[in-house]
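S.K.: I have a structure I would like to understand better, so I am pasting it below and will then ask my questions one at a time.
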Amino acid sequence: MSSSTSTRTRILHVAAELVGNSPDGDISTRAVCEAAQVGAPALYRHFGDKEGLLSAVVDHGFERYLATKRERDETTDPVEDLRRGWDTHVEFAVRNPNLYRLMNSPAMRTPPAAALESHRILTRDLERAAARGRIRVAPELAAQMVMSANVGVALMLVARPATFDDAETSRRVRDAVYASILTPEAGPSAPEETEVPSAAARLSALLREAQGSGLSTAEAALMKEWLDRVANTRPED
């Protein structure tokens with residue numbers, strides 16, 4: 001390991017420890033430099049500024065969580081994978097409250113790479129569900145709905161544990177959100193008014209996976225745009 005890499009790693013580990021032990025998750029660059037025994041120029045050379053350092057801390061800490069998602073064995077049921085994904089997200093937040101609050105702080109102007117990858121993994125699971133005709137809206141919109149609810153619940157459990165003290169709250173919200181997105185598992189795929197949006201979401205997902213669909217790149221993109229628009233149309237629209 002080079003001296004430069006060693007210095008960066010030492011700063012990162014010290015910053016992560018300070019964040020974890022901080023009462024509110026905030027740290028100062030001066031405290032990091034003192035604990036890591038480096039000068040401010042070294043910190044800024046490796047991380048740019050405080051936001052760059054904190055973003056690196058989030059990615060460093062969240063890597064453990066993402067590793068479990070990358071290495072997991074996908075089941076034959078994408079819906080079960082979606083439920084497990086929600087639960088592991090919340091579990092990580094509860095175990096790492098300061099890191100999780102930091103990851104979702106409005107002060108982080110640039111989303112950490114870890115957050116973006118987590119969103120991509122969720123979208124992929126939703127695409128698998130769509131290919132089976134199991135979701136009512138396009139995967140991208142479904143991912144936004146699920147992630148906003150998942151993060152909201154996790155933040156409330158972390159930030160206000162005295163108020164949100166029911167262990168079943170997360171599962172109740174999870175099931176309510178997925179009930180609005182997913183089609184029934186057995187019987188008719190959905191009530192009559194949602195059959196067309198669900199079929200459009202499924203066709204869009206299949207088109208995305210297909211090789212040699214007979215459409216040009218531009219035609220495929222246009223077809224996907226139309227299908228997603230139909231999938232995301234509510235009955236009253």
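Residues are referred to by chain and number: the chain letter is A, B, ... according to the order shown in the structure tokens, the number counts from 1 in that chain, and ligands are numbered separately from 1 in the order shown.
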As a list in words, please: the residues near stretch 7-12 of chain A (cut-off 10 Å, only C-alpha atoms, same-chain neighbours under 6 positions excluded).

M.R.: Met1, Leu18, Val32, Cys33, Glu34, Ala35, Ala36, Gln37, Val38, Ala42, Leu43, Arg45, His46, Phe47, Leu53, Leu54, Ala56, Val57, Val58, His60 and Gly61 of chain A

S.K.: For stretch 169-173 of chain A, work out the shell of residues within 12 Å, counting only C-alpha atoms and skipping chain neighbours fewer than 2 positions away, then give it as a PyMOL selection string.

M.R.: chain A and resi 83-91+93-94+145-158+161+163-167+175-180

S.K.: Restricting the output to N, CA and C atoms, write the selected residues as a CSV table (one decimal), in the first residue's frame.

M.R.:
chain,number,residue,atom,x,y,z
A,83,ARG,N,-39.4,-7.6,-1.0
A,83,ARG,CA,-39.7,-7.5,0.5
A,83,ARG,C,-38.5,-7.7,1.3
A,84,ARG,N,-37.6,-8.6,0.9
A,84,ARG,CA,-36.4,-8.8,1.7
A,84,ARG,C,-35.5,-7.5,1.6
A,85,GLY,N,-35.5,-6.9,0.4
A,85,GLY,CA,-34.7,-5.7,0.1
A,85,GLY,C,-35.1,-4.6,1.0
A,86,TRP,N,-36.5,-4.4,1.2
A,86,TRP,CA,-37.0,-3.4,2.1
A,86,TRP,C,-36.5,-3.6,3.5
A,87,ASP,N,-36.7,-4.9,4.0
A,87,ASP,CA,-36.3,-5.2,5.4
A,87,ASP,C,-34.9,-5.0,5.7
A,88,THR,N,-34.0,-5.5,4.7
A,88,THR,CA,-32.6,-5.3,5.0
A,88,THR,C,-32.1,-3.8,5.0
A,89,HIS,N,-32.8,-3.0,4.2
A,89,HIS,CA,-32.6,-1.6,4.1
A,89,HIS,C,-32.8,-1.0,5.5
A,90,VAL,N,-34.0,-1.3,6.1
A,90,VAL,CA,-34.4,-0.7,7.4
A,90,VAL,C,-33.4,-1.3,8.5
A,91,GLU,N,-33.1,-2.5,8.4
A,91,GLU,CA,-32.2,-3.1,9.4
A,91,GLU,C,-30.8,-2.4,9.4
A,93,ALA,N,-30.3,0.7,8.5
A,93,ALA,CA,-30.4,2.0,9.0
A,93,ALA,C,-30.5,2.0,10.5
A,94,VAL,N,-31.2,1.1,11.1
A,94,VAL,CA,-31.3,1.0,12.6
A,94,VAL,C,-30.0,0.6,13.2
A,145,MET,N,-41.4,5.3,-5.9
A,145,MET,CA,-42.4,5.1,-4.8
A,145,MET,C,-41.8,4.3,-3.7
A,146,VAL,N,-41.2,3.1,-4.0
A,146,VAL,CA,-40.7,2.2,-3.0
A,146,VAL,C,-39.6,2.9,-2.2
A,147,MET,N,-38.6,3.5,-2.9
A,147,MET,CA,-37.4,4.0,-2.2
A,147,MET,C,-37.8,5.2,-1.3
A,148,SER,N,-38.7,6.1,-1.8
A,148,SER,CA,-39.1,7.2,-0.9
A,148,SER,C,-39.8,6.7,0.3
A,149,ALA,N,-40.6,5.7,0.2
A,149,ALA,CA,-41.3,5.2,1.4
A,149,ALA,C,-40.3,4.4,2.3
A,150,ASN,N,-39.5,3.6,1.7
A,150,ASN,CA,-38.5,2.9,2.5
A,150,ASN,C,-37.5,3.8,3.3
A,151,VAL,N,-37.0,4.8,2.6
A,151,VAL,CA,-36.1,5.8,3.3
A,151,VAL,C,-36.9,6.5,4.3
A,152,GLY,N,-38.1,6.9,4.0
A,152,GLY,CA,-38.9,7.7,5.0
A,152,GLY,C,-39.2,6.9,6.3
A,153,VAL,N,-39.5,5.6,6.2
A,153,VAL,CA,-39.7,4.8,7.4
A,153,VAL,C,-38.4,4.6,8.1
A,154,ALA,N,-37.3,4.3,7.4
A,154,ALA,CA,-36.0,4.1,8.1
A,154,ALA,C,-35.6,5.4,8.8
A,155,LEU,N,-35.8,6.5,8.2
A,155,LEU,CA,-35.4,7.8,8.9
A,155,LEU,C,-36.2,8.0,10.1
A,156,MET,N,-37.5,7.7,10.1
A,156,MET,CA,-38.3,7.9,11.2
A,156,MET,C,-37.9,7.0,12.4
A,157,LEU,N,-37.6,5.8,12.1
A,157,LEU,CA,-37.2,4.8,13.1
A,157,LEU,C,-35.9,5.2,13.7
A,158,VAL,N,-35.0,5.8,12.9
A,158,VAL,CA,-33.7,6.3,13.4
A,158,VAL,C,-33.8,7.6,14.1
A,161,PRO,N,-37.1,7.3,17.5
A,161,PRO,CA,-37.4,6.0,18.0
A,161,PRO,C,-38.5,6.0,19.1
A,163,THR,N,-41.1,7.8,19.2
A,163,THR,CA,-42.5,7.9,18.6
A,163,THR,C,-42.8,6.7,17.7
A,164,PHE,N,-41.8,6.3,16.9
A,164,PHE,CA,-42.0,5.2,16.1
A,164,PHE,C,-41.4,3.9,16.7
A,165,ASP,N,-42.1,3.4,17.7
A,165,ASP,CA,-41.6,2.4,18.6
A,165,ASP,C,-42.2,1.0,18.3
A,166,ASP,N,-43.1,1.0,17.3
A,166,ASP,CA,-43.8,-0.3,16.9
A,166,ASP,C,-42.9,-1.1,15.9
A,167,ALA,N,-42.4,-2.2,16.3
A,167,ALA,CA,-41.6,-3.0,15.4
A,167,ALA,C,-42.2,-3.4,14.1
A,175,ASP,N,-45.9,-3.4,3.2
A,175,ASP,CA,-47.0,-4.2,2.6
A,175,ASP,C,-48.0,-3.2,1.9
A,176,ALA,N,-48.3,-2.1,2.5
A,176,ALA,CA,-49.2,-1.1,1.9
A,176,ALA,C,-48.7,-0.6,0.6
A,177,VAL,N,-47.4,-0.2,0.6
A,177,VAL,CA,-46.8,0.3,-0.6
A,177,VAL,C,-46.8,-0.7,-1.7
A,178,TYR,N,-46.3,-1.9,-1.4
A,178,TYR,CA,-46.3,-3.0,-2.4
A,178,TYR,C,-47.7,-3.4,-2.9
A,179,ALA,N,-48.7,-3.3,-2.0
A,179,ALA,CA,-50.1,-3.6,-2.4
A,179,ALA,C,-50.5,-2.6,-3.5
A,180,SER,N,-50.0,-1.3,-3.4
A,180,SER,CA,-50.4,-0.3,-4.4
A,180,SER,C,-49.7,-0.5,-5.7
